[in-house]
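Shown next: entry-v2.cif, given as mmCIF, C-alpha atoms.
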```cif
data_my_file
#
loop_
_atom_site.label_atom_id
_atom_site.label_comp_id
_atom_site.auth_asym_id
_atom_site.auth_seq_id
_atom_site.Cartn_x
_atom_site.Cartn_y
_atom_site.Cartn_z
CA MET A 26 -16.29 -8.46 -0.59
CA ASN A 27 -13.11 -9.55 -2.39
CA ASN A 28 -10.02 -7.40 -2.63
CA LYS A 29 -10.70 -6.35 -6.22
CA ILE A 30 -14.19 -5.08 -5.42
CA LEU A 31 -12.90 -3.35 -2.29
CA ALA A 32 -10.15 -1.63 -4.28
CA LEU A 33 -12.65 -0.48 -6.91
CA SER A 34 -14.97 0.86 -4.21
CA VAL A 35 -12.16 2.78 -2.53
CA ALA A 36 -11.04 4.17 -5.89
CA ALA A 37 -14.58 5.24 -6.78
CA GLY A 38 -14.95 6.94 -3.42
CA ALA A 39 -11.67 8.75 -3.85
CA VAL A 40 -12.70 9.97 -7.31
CA ALA A 41 -16.01 11.23 -5.92
CA VAL A 42 -14.26 13.11 -3.10
CA CYS A 43 -11.77 14.65 -5.54
CA ALA A 44 -14.55 15.65 -7.91
CA GLN A 45 -16.43 17.34 -5.07
CA ALA A 46 -13.25 19.12 -3.94
CA VAL A 47 -12.66 20.45 -7.45
CA HIS A 48 -16.28 21.59 -7.65
CA VAL A 49 -15.95 23.53 -4.39
CA TYR A 50 -12.65 25.01 -5.56
CA LEU A 51 -14.12 26.20 -8.87
CA ASN A 52 -17.11 27.70 -7.08
CA ILE A 53 -14.73 29.87 -5.09
CA MET A 54 -11.87 30.55 -7.48
CA GLY A 55 -13.44 30.00 -10.89
CA SER A 56 -14.46 32.63 -13.41
CA GLU A 57 -17.48 34.78 -12.60
CA LYS A 58 -19.33 32.73 -15.19
CA ILE A 59 -20.02 30.67 -12.03
CA PRO A 60 -22.01 33.43 -10.28
CA ASP A 61 -23.18 31.52 -7.20
CA GLY A 62 -19.85 30.60 -5.65
CA ILE A 63 -19.86 29.18 -2.15
CA ILE A 64 -18.44 32.33 -0.53
CA LYS A 65 -21.13 34.44 -2.19
CA ARG A 66 -23.82 31.98 -1.05
CA ILE A 67 -22.55 32.09 2.54
CA ALA A 68 -22.47 35.89 2.44
CA ASP A 69 -26.00 36.03 1.05
CA LYS A 70 -27.25 33.57 3.66
CA THR A 71 -25.79 35.48 6.58
CA ASN A 72 -26.47 38.97 5.29
CA ASP A 73 -29.63 38.68 3.18
CA ILE A 74 -31.13 41.99 4.27
CA SER A 75 -27.91 44.00 4.29
CA PHE A 76 -26.83 42.73 0.87
CA ASP A 77 -30.27 43.48 -0.57
CA GLU A 78 -30.10 47.01 0.84
CA LEU A 79 -26.64 47.53 -0.60
CA GLY A 80 -27.80 46.21 -3.96
CA GLU A 81 -30.71 48.65 -4.02
CA TYR A 82 -28.40 51.51 -3.02
CA THR A 83 -26.03 50.63 -5.86
CA LYS A 84 -28.92 50.31 -8.30
CA ASN A 85 -30.10 53.82 -7.46
CA ASN A 86 -26.60 55.26 -7.95
CA ALA A 87 -26.27 53.41 -11.26
CA GLN A 88 -29.03 55.51 -12.80
CA TRP A 89 -26.77 58.57 -12.74
CA VAL A 90 -23.64 56.69 -13.84
CA HIS A 91 -25.37 55.04 -16.79
CA SER A 92 -26.55 58.44 -18.01
CA GLN A 93 -22.94 59.60 -18.47
CA ALA A 94 -20.73 59.30 -21.55
CA ILE A 95 -18.41 56.45 -20.56
CA GLU A 96 -15.64 55.21 -22.84
CA ASN A 97 -15.24 51.44 -23.13
CA ILE A 98 -11.62 50.27 -23.33
CA ASP A 99 -10.09 46.87 -24.09
CA LEU A 100 -6.69 46.16 -22.55
CA LYS A 101 -4.56 43.09 -23.31
CA THR A 102 -2.75 42.06 -20.15
CA THR A 103 0.59 40.30 -19.78
CA HIS A 104 -1.43 37.16 -18.95
CA ASN A 105 -2.79 37.41 -22.52
CA TYR A 106 -6.33 38.16 -21.34
CA THR A 107 -8.47 41.02 -22.61
CA VAL A 108 -9.85 42.99 -19.69
CA LYS A 109 -12.54 45.65 -19.95
CA GLY A 110 -12.21 49.21 -18.70
CA TYR A 111 -14.76 52.00 -18.35
CA LEU A 112 -13.52 55.60 -18.28
CA LEU A 113 -15.62 58.60 -17.28
CA MET A 114 -13.78 61.83 -18.03
CA ALA A 115 -14.34 64.91 -15.90
CA GLU A 116 -16.55 67.69 -17.22
CA ARG A 117 -13.49 69.89 -17.50
CA PRO A 118 -9.95 68.72 -18.35
CA SER A 119 -8.30 67.19 -15.29
CA LYS A 120 -5.01 65.49 -14.56
CA VAL A 121 -6.48 63.59 -11.61
CA PHE A 122 -7.67 60.01 -12.15
CA VAL A 123 -9.42 57.72 -9.70
CA VAL A 124 -8.56 54.06 -10.39
CA PHE A 125 -11.15 51.87 -8.68
CA ALA A 126 -10.77 48.16 -7.86
CA HIS A 127 -14.01 46.22 -7.29
CA GLY A 128 -14.69 43.37 -4.90
CA TYR A 129 -15.14 39.61 -5.21
CA ARG A 130 -17.89 38.59 -7.67
CA SER A 131 -18.48 42.26 -8.43
CA SER A 132 -17.62 44.31 -11.54
CA HIS A 133 -17.41 47.90 -12.77
CA ASP A 134 -21.19 47.95 -12.34
CA GLY A 135 -20.94 47.08 -8.64
CA ASP A 136 -18.84 48.76 -5.93
CA PRO A 137 -17.41 51.56 -8.14
CA ILE A 138 -20.92 52.86 -8.90
CA ASN A 139 -21.30 54.11 -5.31
CA PHE A 140 -18.32 56.45 -5.56
CA GLN A 141 -18.35 57.62 -9.15
CA ARG A 142 -20.55 60.68 -8.76
CA PHE A 143 -18.64 61.92 -5.71
CA TYR A 144 -15.32 61.86 -7.53
CA TYR A 145 -16.88 63.31 -10.70
CA GLU A 146 -18.16 66.27 -8.66
CA GLN A 147 -14.60 66.81 -7.39
CA GLY A 148 -13.65 67.34 -11.04
CA PHE A 149 -11.75 64.03 -11.37
CA ASN A 150 -11.65 61.40 -14.09
CA PHE A 151 -12.79 57.91 -13.02
CA LEU A 152 -11.57 54.56 -14.32
CA SER A 153 -13.30 51.36 -13.25
CA PHE A 154 -12.77 47.96 -14.84
CA ASP A 155 -13.68 44.31 -14.65
CA HIS A 156 -10.81 42.35 -13.13
CA THR A 157 -9.50 39.13 -14.63
CA ALA A 158 -12.27 36.47 -14.55
CA ALA A 159 -14.91 39.04 -13.56
CA GLY A 160 -17.65 40.84 -15.44
CA GLU A 161 -16.90 41.08 -19.16
CA SER A 162 -13.16 40.44 -18.79
CA GLU A 163 -11.43 37.23 -19.81
CA GLY A 164 -9.70 34.85 -17.43
CA ASN A 165 -10.29 31.57 -15.68
CA TYR A 166 -9.53 32.18 -12.00
CA VAL A 167 -10.05 34.87 -9.39
CA GLY A 168 -6.78 35.97 -7.81
CA PHE A 169 -7.99 37.40 -4.48
CA ASP A 170 -5.65 40.37 -5.18
CA TYR A 171 -2.88 38.34 -6.91
CA PHE A 172 -4.14 38.80 -10.49
CA GLU A 173 -6.14 41.91 -9.59
CA SER A 174 -3.14 43.92 -8.40
CA GLN A 175 -1.35 43.08 -11.65
CA ASP A 176 -4.42 44.16 -13.63
CA THR A 177 -4.51 47.47 -11.79
CA GLU A 178 -0.80 48.11 -12.36
CA GLU A 179 -1.38 47.63 -16.09
CA TRP A 180 -4.30 50.05 -16.06
CA ILE A 181 -2.09 52.64 -14.36
CA ASP A 182 0.53 52.11 -17.06
CA TYR A 183 -2.20 52.62 -19.67
CA LEU A 184 -3.31 55.92 -18.13
CA VAL A 185 0.26 57.23 -17.84
CA SER A 186 1.00 56.25 -21.44
CA ARG A 187 -2.17 57.88 -22.75
CA PHE A 188 -2.45 60.99 -20.58
CA GLY A 189 1.14 61.71 -19.53
CA ASP A 190 3.45 61.01 -16.63
CA ASP A 191 2.27 64.19 -14.86
CA ILE A 192 -1.15 62.76 -13.99
CA LYS A 193 -2.19 62.19 -10.37
CA ILE A 194 -3.87 58.96 -9.32
CA ILE A 195 -6.07 57.98 -6.39
CA LEU A 196 -6.28 54.22 -5.85
CA HIS A 197 -9.56 53.13 -4.25
CA GLY A 198 -10.79 49.59 -3.65
CA VAL A 199 -13.58 47.78 -1.80
CA SER A 200 -13.29 44.31 -0.19
CA MET A 201 -11.09 42.21 -2.53
CA GLY A 202 -10.45 45.53 -4.28
CA GLY A 203 -9.34 46.97 -0.94
CA ALA A 204 -6.85 44.13 -0.59
CA THR A 205 -5.81 44.72 -4.20
CA VAL A 206 -4.82 48.34 -3.58
CA CYS A 207 -3.13 47.32 -0.30
CA GLN A 208 -1.09 44.77 -2.25
CA MET A 209 0.17 47.63 -4.43
CA ALA A 210 0.98 50.06 -1.63
CA SER A 211 4.72 49.38 -1.50
CA THR A 212 5.28 49.41 -5.26
CA VAL A 213 3.03 52.14 -6.67
CA PRO A 214 4.56 54.60 -9.16
CA GLU A 215 4.99 58.28 -8.37
CA GLN A 216 1.68 59.16 -10.00
CA VAL A 217 -0.26 57.50 -7.16
CA LYS A 218 -0.84 60.09 -4.43
CA PHE A 219 -2.89 58.12 -1.90
CA ILE A 220 -4.78 54.86 -1.42
CA VAL A 221 -8.25 54.17 -0.01
CA SER A 222 -8.67 50.62 1.30
CA ASP A 223 -12.28 49.81 2.15
CA CYS A 224 -13.00 46.59 4.15
CA ALA A 225 -9.86 44.79 2.94
CA TYR A 226 -8.79 41.41 4.27
CA THR A 227 -5.23 40.79 5.45
CA GLY A 228 -4.88 37.83 3.06
CA ALA A 229 -7.09 35.36 1.21
CA LEU A 230 -6.17 32.47 3.53
CA ASP A 231 -7.10 34.60 6.54
CA GLU A 232 -10.44 35.37 4.91
CA PHE A 233 -11.12 31.72 4.07
CA ASP A 234 -10.17 30.74 7.60
CA SER A 235 -12.68 33.23 8.97
CA VAL A 236 -15.46 32.05 6.65
CA ILE A 237 -14.86 28.35 7.39
CA LYS A 238 -14.81 28.95 11.15
CA GLY A 239 -18.03 30.90 10.73
CA MET A 240 -19.55 27.67 9.43
CA GLY A 241 -18.70 25.97 12.72
CA ILE A 242 -15.53 24.19 11.59
CA LYS A 243 -12.84 24.75 14.20
CA HIS A 244 -9.81 23.10 12.62
CA THR A 245 -9.12 24.69 9.24
CA GLY A 246 -5.44 23.98 8.64
CA GLY A 247 -5.84 20.81 6.59
CA ILE A 248 -8.66 22.29 4.51
CA LEU A 249 -6.66 25.42 3.70
CA ARG A 250 -3.50 23.49 2.83
CA ALA A 251 -5.42 21.21 0.46
CA PHE A 252 -7.24 24.15 -1.10
CA ASN A 253 -3.99 26.07 -1.61
CA ALA A 254 -2.34 23.01 -3.19
CA MET A 255 -5.22 22.80 -5.65
CA ASN A 256 -4.92 26.52 -6.36
CA ARG A 257 -1.21 26.22 -7.10
CA ALA A 258 -1.92 23.37 -9.51
CA LEU A 259 -4.86 24.98 -11.31
CA ALA A 260 -4.51 28.77 -11.04
CA GLY A 261 -0.72 28.73 -10.84
CA PHE A 262 -0.08 30.83 -7.74
CA ASP A 263 0.27 30.39 -4.00
CA LEU A 264 -2.48 32.02 -1.94
CA GLU A 265 0.18 33.04 0.58
CA LEU A 266 1.07 35.71 -1.99
CA THR A 267 -2.27 37.43 -1.36
CA ASP A 268 -1.15 38.50 2.12
CA VAL A 269 -0.97 42.31 2.09
CA ARG A 270 0.66 42.97 5.45
CA ASP A 271 4.23 43.59 4.22
CA SER A 272 3.05 45.86 1.43
CA VAL A 273 0.94 47.95 3.80
CA LYS A 274 3.78 48.11 6.32
CA ASN A 275 6.05 49.51 3.60
CA SER A 276 3.52 51.73 1.87
CA LYS A 277 5.02 54.51 -0.25
CA VAL A 278 1.90 56.70 -0.04
CA PRO A 279 -0.69 57.85 2.50
CA MET A 280 -3.51 55.40 3.17
CA LEU A 281 -7.10 55.76 4.33
CA PHE A 282 -8.52 52.58 5.85
CA VAL A 283 -12.30 52.13 5.97
CA HIS A 284 -14.30 49.36 7.63
CA GLY A 285 -17.79 48.73 8.96
CA SER A 286 -18.08 48.23 12.70
CA LYS A 287 -20.39 45.21 12.18
CA ASP A 288 -18.52 43.54 9.34
CA ASP A 289 -18.45 39.84 10.17
CA PHE A 290 -17.61 38.70 6.62
CA VAL A 291 -14.23 40.44 6.46
CA PRO A 292 -13.89 41.00 10.22
CA THR A 293 -13.40 44.57 11.35
CA LYS A 294 -10.28 43.50 13.25
CA MET A 295 -8.53 43.02 9.89
CA GLY A 296 -9.07 46.72 9.14
CA TYR A 297 -7.59 47.68 12.50
CA GLU A 298 -4.62 45.39 11.94
CA LEU A 299 -3.81 46.91 8.54
CA TYR A 300 -4.15 50.42 9.92
CA ASP A 301 -1.79 49.61 12.78
CA LEU A 302 0.78 48.09 10.40
CA CYS A 303 0.91 51.08 8.07
CA ASN A 304 3.93 53.34 8.61
CA ALA A 305 2.92 55.93 6.02
CA PRO A 306 0.64 58.88 6.82
CA LYS A 307 -2.73 57.29 7.51
CA ASP A 308 -6.25 57.60 8.83
CA LEU A 309 -9.00 55.20 9.84
CA PHE A 310 -12.73 55.54 9.31
CA ILE A 311 -15.01 53.03 11.04
CA ALA A 312 -18.63 53.34 9.89
CA ASP A 313 -20.77 52.66 12.93
CA GLY A 314 -23.32 49.92 12.28
CA ALA A 315 -22.08 49.08 8.78
CA GLU A 316 -21.76 45.48 7.66
CA HIS A 317 -19.52 44.32 4.81
CA ALA A 318 -18.95 46.96 2.09
CA GLN A 319 -21.77 49.06 3.54
CA SER A 320 -19.75 51.99 4.91
CA ILE A 321 -20.61 54.34 2.02
CA MET A 322 -24.31 53.52 2.41
CA ILE A 323 -24.50 53.70 6.21
CA ASP A 324 -22.42 56.86 6.68
CA LYS A 325 -22.07 58.55 3.29
CA GLU A 326 -21.42 61.95 4.83
CA GLY A 327 -18.69 60.72 7.16
CA TYR A 328 -17.01 58.67 4.44
CA GLU A 329 -17.04 61.50 1.90
CA ASN A 330 -15.74 63.95 4.50
CA LYS A 331 -12.72 61.67 5.07
CA LEU A 332 -12.17 61.42 1.33
CA SER A 333 -12.39 65.20 1.01
CA GLN A 334 -9.76 65.63 3.74
CA PHE A 335 -7.35 63.32 1.92
CA ILE A 336 -8.01 65.09 -1.39
CA LYS A 337 -7.29 68.51 0.10
CA LYS A 338 -4.13 67.24 1.75
CA TYR A 339 -2.58 65.09 -0.95
CA ILE A 340 -3.96 66.15 -4.35
#
```
Let me see the file written as structure tokens.
Amino acid sequence: MNNKILALSVAAGAVAVCAQAVHVYLNIMGSEKIPDGIIKRIADKTNDISFDELGEYTKNNAQWVHSQAIENIDLKTTHNYTVKGYLLMAERPSKVFVVFAHGYRSSHDGDPINFQRFYYEQGFNFLSFDHTAAGESEGNYVGFDYFESQDTEEWIDYLVSRFGDDIKIILHGVSMGGATVCQMASTVPEQVKFIVSDCAYTGALDEFDSVIKGMGIKHTGGILRAFNAMNRALAGFDLELTDVRDSVKNSKVPMLFVHGSKDDFVPTKMGYELYDLCNAPKDLFIADGAEHAQSIMIDKEGYENKLSQFIKKYI
């Protein structure tokens, strides 16, 4: 093989490797128009039964939610994307709003569904929405709480502008949504009275590290550095910015941390770490036997009792 052929072969191989790397990146970080991202596939493979059960639980709860009069809202964000919101007003006028952040590859028709009736029966208004690059919202890349926390801040501004600066807000999020509300903990406006963080990760790179090691790959540093470099180039932000530890440590409001005792997707130890870091008034609810995002399904009574305690104390 002469040098020219060798050089062409090496170049072709490099292009193929790069193309595969970009494909993997887009499967993880790309718009939800790519519904079978690698993280979702890994989660489905390792938790087939539990995810099916959770899906059926959510489907049953959706019957009630879809029977309600829900207002559809379009909001133009500072990133120049239109994101979609869904507002269920309380039966009687209320100044309390629940702002709910959904998880990775979910939408307003996913995680929020399982909490909507509970909060409605408390007499509260409920706003869910599709984050940037999720559901019916515009956007090209998932932010793993980077874009999502900015979305949520803009929805809070919308509610204050529309309903008055005397409203009270409960921030509640599951999985990536849990990290999203954690990311906001140190900067929330006075209208936010407490935060519920359900099965949040400590940071996207920590979560990726856990997933990759779960695949049997011990040394993750090079993979994560290359992935983050690609993310900076394509999505325009550093994944280090998704780390929520400092925000939780400096939280301005009380926080309720929730996690399943058998969560091996976002390891339960991350929930304990965030709880330990928080210096604001706090509580911790570990749902015995629950896997990822299952706490409300496995121990609905215990979860709702904790929520009721926070409501009585802080609303």
* Structure fact -> The residue from A:Asp223, A:Leu259, A:Ser211, A:Ile336 with the smallest atom-to-atom distance to Asn275 of chain A, counting only C-alpha atoms, is A:Ser211
* Asked: What's the 6 Å shell around Phe125 of chain A, counting only C-alpha atoms, without same-chain residues fewer than 4 positions away, as a ChimeraX atom specification?
  -> /A:153,197-198
Can I get the selected residues back with C-alpha atoms, as an mmCIF file, keeping the file's coordinate frame?
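Listing of selection.cif after writing:
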```
data_model
loop_
_atom_site.group_PDB
_atom_site.id
_atom_site.type_symbol
_atom_site.label_atom_id
_atom_site.label_comp_id
_atom_site.auth_asym_id
_atom_site.auth_seq_id
_atom_site.Cartn_x
_atom_site.Cartn_y
_atom_site.Cartn_z
ATOM 1 C CA SER A 153 -13.300 51.360 -13.250
ATOM 2 C CA HIS A 197 -9.560 53.130 -4.250
ATOM 3 C CA GLY A 198 -10.790 49.590 -3.650
#
```
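Closest to Lys84 of chain A among A:Pro118, A:Pro306, A:Gly160, A:Pro137 is A:Pro137, based on only C-alpha atoms.
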* To do: On this file, the PyMOL selection byres ((chain A and resi 252) around 12) gives some set of residues; write that set as a PyMOL selection string.
  => chain A and resi 43+46-51+53-54+229-230+233-234+245-251+253-260+262-265
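Coordinates place atom CA of Val123 of chain A at a distance of 26.4 Å from atom CA of Phe290 of chain A.
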* **Residues returned when the PyMOL selection byres ((chain A and resi 95-105) around 9) runs on this file, as a list in words** => Val90, His91, Ser92, Gln93, Ala94, Tyr106, Thr107, Val108, Lys109, Gly110, Tyr111, Leu112, Leu113, Met114, Phe154, Ser162, Gly164, Gln175, Asp176, Glu179, Trp180 and Tyr183 of chain A
Resulting file, chosen residues, C-alpha atoms, as an mmCIF file, in the frame of the given file:
```cif
data_model
loop_
_atom_site.group_PDB
_atom_site.id
_atom_site.type_symbol
_atom_site.label_atom_id
_atom_site.label_comp_id
_atom_site.auth_asym_id
_atom_site.auth_seq_id
_atom_site.Cartn_x
_atom_site.Cartn_y
_atom_site.Cartn_z
ATOM 1 C CA VAL A 90 -23.640 56.690 -13.840
ATOM 2 C CA HIS A 91 -25.370 55.040 -16.790
ATOM 3 C CA SER A 92 -26.550 58.440 -18.010
ATOM 4 C CA GLN A 93 -22.940 59.600 -18.470
ATOM 5 C CA ALA A 94 -20.730 59.300 -21.550
ATOM 6 C CA TYR A 106 -6.330 38.160 -21.340
ATOM 7 C CA THR A 107 -8.470 41.020 -22.610
ATOM 8 C CA VAL A 108 -9.850 42.990 -19.690
ATOM 9 C CA LYS A 109 -12.540 45.650 -19.950
ATOM 10 C CA GLY A 110 -12.210 49.210 -18.700
ATOM 11 C CA TYR A 111 -14.760 52.000 -18.350
ATOM 12 C CA LEU A 112 -13.520 55.600 -18.280
ATOM 13 C CA LEU A 113 -15.620 58.600 -17.280
ATOM 14 C CA MET A 114 -13.780 61.830 -18.030
ATOM 15 C CA PHE A 154 -12.770 47.960 -14.840
ATOM 16 C CA SER A 162 -13.160 40.440 -18.790
ATOM 17 C CA GLY A 164 -9.700 34.850 -17.430
ATOM 18 C CA GLN A 175 -1.350 43.080 -11.650
ATOM 19 C CA ASP A 176 -4.420 44.160 -13.630
ATOM 20 C CA GLU A 179 -1.380 47.630 -16.090
ATOM 21 C CA TRP A 180 -4.300 50.050 -16.060
ATOM 22 C CA TYR A 183 -2.200 52.620 -19.670
#
```
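In terms of minimum interatomic distance to Glu161 of chain A, A:Ser132 ranks closest within A:Thr83, A:Ser186, A:Gln334, A:Ser132, counting all atoms listed in the file.
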* How many Å lie between atom CA of Arg130 of chain A and atom CA of Gln319 of chain A, rounded to one decimal? -> 15.8 Å
* Explicit residue set for the PyMOL selection byres ((chain A and resi 148) around 7), as a PyMOL selection string -> chain A and resi 115-117+119+144-147+149-150
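Interatomic distance, atom CA of Ser222 of chain A against atom CA of Phe310 of chain A: 10.2 Å.
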* Asked: Which of these, A:Ile138, A:Leu281, A:Ile340, A:Val185, has the shortest distance to Tyr328 of chain A once you count only C-alpha atoms?
  -> A:Leu281
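Comparing A:Lys243, A:Lys277, A:Lys193, A:His317 by their smallest distance to Asp136 of chain A, the closest is A:His317 (using only C-alpha atoms).
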Could N, CA, C and O atoms be built for segment 138-158 of chain A and written out as a PDB file, in the frame of the given file?
```
ATOM      1  N   ILE A 138     -19.744  52.019  -8.647  1.00  0.00           N
ATOM      2  CA  ILE A 138     -20.920  52.860  -8.900  1.00  0.00           C
ATOM      3  C   ILE A 138     -21.176  53.817  -7.728  1.00  0.00           C
ATOM      4  O   ILE A 138     -21.573  54.964  -7.918  1.00  0.00           O
ATOM      5  N   ASN A 139     -20.933  53.338  -6.500  1.00  0.00           N
ATOM      6  CA  ASN A 139     -21.300  54.110  -5.310  1.00  0.00           C
ATOM      7  C   ASN A 139     -20.353  55.271  -5.014  1.00  0.00           C
ATOM      8  O   ASN A 139     -20.609  56.031  -4.070  1.00  0.00           O
ATOM      9  N   PHE A 140     -19.296  55.389  -5.797  1.00  0.00           N
ATOM     10  CA  PHE A 140     -18.320  56.450  -5.560  1.00  0.00           C
ATOM     11  C   PHE A 140     -18.111  57.354  -6.782  1.00  0.00           C
ATOM     12  O   PHE A 140     -17.466  58.398  -6.679  1.00  0.00           O
ATOM     13  N   GLN A 141     -18.665  56.953  -7.888  1.00  0.00           N
ATOM     14  CA  GLN A 141     -18.350  57.620  -9.150  1.00  0.00           C
ATOM     15  C   GLN A 141     -18.817  59.077  -9.180  1.00  0.00           C
ATOM     16  O   GLN A 141     -18.099  59.973  -9.619  1.00  0.00           O
ATOM     17  N   ARG A 142     -20.019  59.315  -8.713  1.00  0.00           N
ATOM     18  CA  ARG A 142     -20.550  60.680  -8.760  1.00  0.00           C
ATOM     19  C   ARG A 142     -19.769  61.606  -7.823  1.00  0.00           C
ATOM     20  O   ARG A 142     -19.498  62.764  -8.169  1.00  0.00           O
ATOM     21  N   PHE A 143     -19.423  61.098  -6.642  1.00  0.00           N
ATOM     22  CA  PHE A 143     -18.640  61.920  -5.710  1.00  0.00           C
ATOM     23  C   PHE A 143     -17.352  62.399  -6.355  1.00  0.00           C
ATOM     24  O   PHE A 143     -17.029  63.590  -6.328  1.00  0.00           O
ATOM     25  N   TYR A 144     -16.597  61.482  -6.939  1.00  0.00           N
ATOM     26  CA  TYR A 144     -15.320  61.860  -7.530  1.00  0.00           C
ATOM     27  C   TYR A 144     -15.514  62.743  -8.773  1.00  0.00           C
ATOM     28  O   TYR A 144     -14.721  63.649  -9.023  1.00  0.00           O
ATOM     29  N   TYR A 145     -16.576  62.488  -9.525  1.00  0.00           N
ATOM     30  CA  TYR A 145     -16.880  63.310 -10.700  1.00  0.00           C
ATOM     31  C   TYR A 145     -17.144  64.759 -10.261  1.00  0.00           C
ATOM     32  O   TYR A 145     -16.688  65.714 -10.913  1.00  0.00           O
ATOM     33  N   GLU A 146     -17.857  64.922  -9.164  1.00  0.00           N
ATOM     34  CA  GLU A 146     -18.160  66.270  -8.660  1.00  0.00           C
ATOM     35  C   GLU A 146     -16.941  66.964  -8.080  1.00  0.00           C
ATOM     36  O   GLU A 146     -16.947  68.195  -7.911  1.00  0.00           O
ATOM     37  N   GLN A 147     -15.883  66.198  -7.785  1.00  0.00           N
ATOM     38  CA  GLN A 147     -14.600  66.810  -7.390  1.00  0.00           C
ATOM     39  C   GLN A 147     -13.837  67.304  -8.610  1.00  0.00           C
ATOM     40  O   GLN A 147     -12.802  67.962  -8.468  1.00  0.00           O
ATOM     41  N   GLY A 148     -14.325  66.956  -9.806  1.00  0.00           N
ATOM     42  CA  GLY A 148     -13.650  67.340 -11.040  1.00  0.00           C
ATOM     43  C   GLY A 148     -12.608  66.331 -11.494  1.00  0.00           C
ATOM     44  O   GLY A 148     -11.703  66.673 -12.259  1.00  0.00           O
ATOM     45  N   PHE A 149     -12.750  65.061 -11.054  1.00  0.00           N
ATOM     46  CA  PHE A 149     -11.750  64.030 -11.370  1.00  0.00           C
ATOM     47  C   PHE A 149     -12.271  63.069 -12.435  1.00  0.00           C
ATOM     48  O   PHE A 149     -13.477  62.825 -12.561  1.00  0.00           O
ATOM     49  N   ASN A 150     -11.347  62.496 -13.173  1.00  0.00           N
ATOM     50  CA  ASN A 150     -11.650  61.400 -14.090  1.00  0.00           C
ATOM     51  C   ASN A 150     -11.769  60.105 -13.268  1.00  0.00           C
ATOM     52  O   ASN A 150     -11.155  59.972 -12.206  1.00  0.00           O
ATOM     53  N   PHE A 151     -12.520  59.136 -13.791  1.00  0.00           N
ATOM     54  CA  PHE A 151     -12.790  57.910 -13.020  1.00  0.00           C
ATOM     55  C   PHE A 151     -12.677  56.694 -13.916  1.00  0.00           C
ATOM     56  O   PHE A 151     -13.426  56.553 -14.895  1.00  0.00           O
ATOM     57  N   LEU A 152     -11.749  55.809 -13.584  1.00  0.00           N
ATOM     58  CA  LEU A 152     -11.570  54.560 -14.320  1.00  0.00           C
ATOM     59  C   LEU A 152     -11.973  53.384 -13.442  1.00  0.00           C
ATOM     60  O   LEU A 152     -11.377  53.153 -12.387  1.00  0.00           O
ATOM     61  N   SER A 153     -12.973  52.650 -13.871  1.00  0.00           N
ATOM     62  CA  SER A 153     -13.300  51.360 -13.250  1.00  0.00           C
ATOM     63  C   SER A 153     -13.096  50.286 -14.308  1.00  0.00           C
ATOM     64  O   SER A 153     -12.975  50.586 -15.495  1.00  0.00           O
ATOM     65  N   PHE A 154     -13.050  49.039 -13.888  1.00  0.00           N
ATOM     66  CA  PHE A 154     -12.770  47.960 -14.840  1.00  0.00           C
ATOM     67  C   PHE A 154     -13.209  46.634 -14.233  1.00  0.00           C
ATOM     68  O   PHE A 154     -13.430  46.523 -13.026  1.00  0.00           O
ATOM     69  N   ASP A 155     -13.377  45.665 -15.098  1.00  0.00           N
ATOM     70  CA  ASP A 155     -13.680  44.310 -14.650  1.00  0.00           C
ATOM     71  C   ASP A 155     -12.356  43.558 -14.526  1.00  0.00           C
ATOM     72  O   ASP A 155     -11.623  43.427 -15.504  1.00  0.00           O
ATOM     73  N   HIS A 156     -12.059  43.091 -13.337  1.00  0.00           N
ATOM     74  CA  HIS A 156     -10.810  42.350 -13.130  1.00  0.00           C
ATOM     75  C   HIS A 156     -10.798  41.054 -13.927  1.00  0.00           C
ATOM     76  O   HIS A 156     -11.837  40.604 -14.443  1.00  0.00           O
ATOM     77  N   THR A 157      -9.634  40.452 -14.017  1.00  0.00           N
ATOM     78  CA  THR A 157      -9.500  39.130 -14.630  1.00  0.00           C
ATOM     79  C   THR A 157     -10.545  38.173 -14.051  1.00  0.00           C
ATOM     80  O   THR A 157     -10.739  38.112 -12.830  1.00  0.00           O
ATOM     81  N   ALA A 158     -11.256  37.467 -14.920  1.00  0.00           N
ATOM     82  CA  ALA A 158     -12.270  36.470 -14.550  1.00  0.00           C
ATOM     83  C   ALA A 158     -13.511  37.086 -13.912  1.00  0.00           C
ATOM     84  O   ALA A 158     -14.286  36.390 -13.255  1.00  0.00           O
TER      85      ALA A 158
END
```
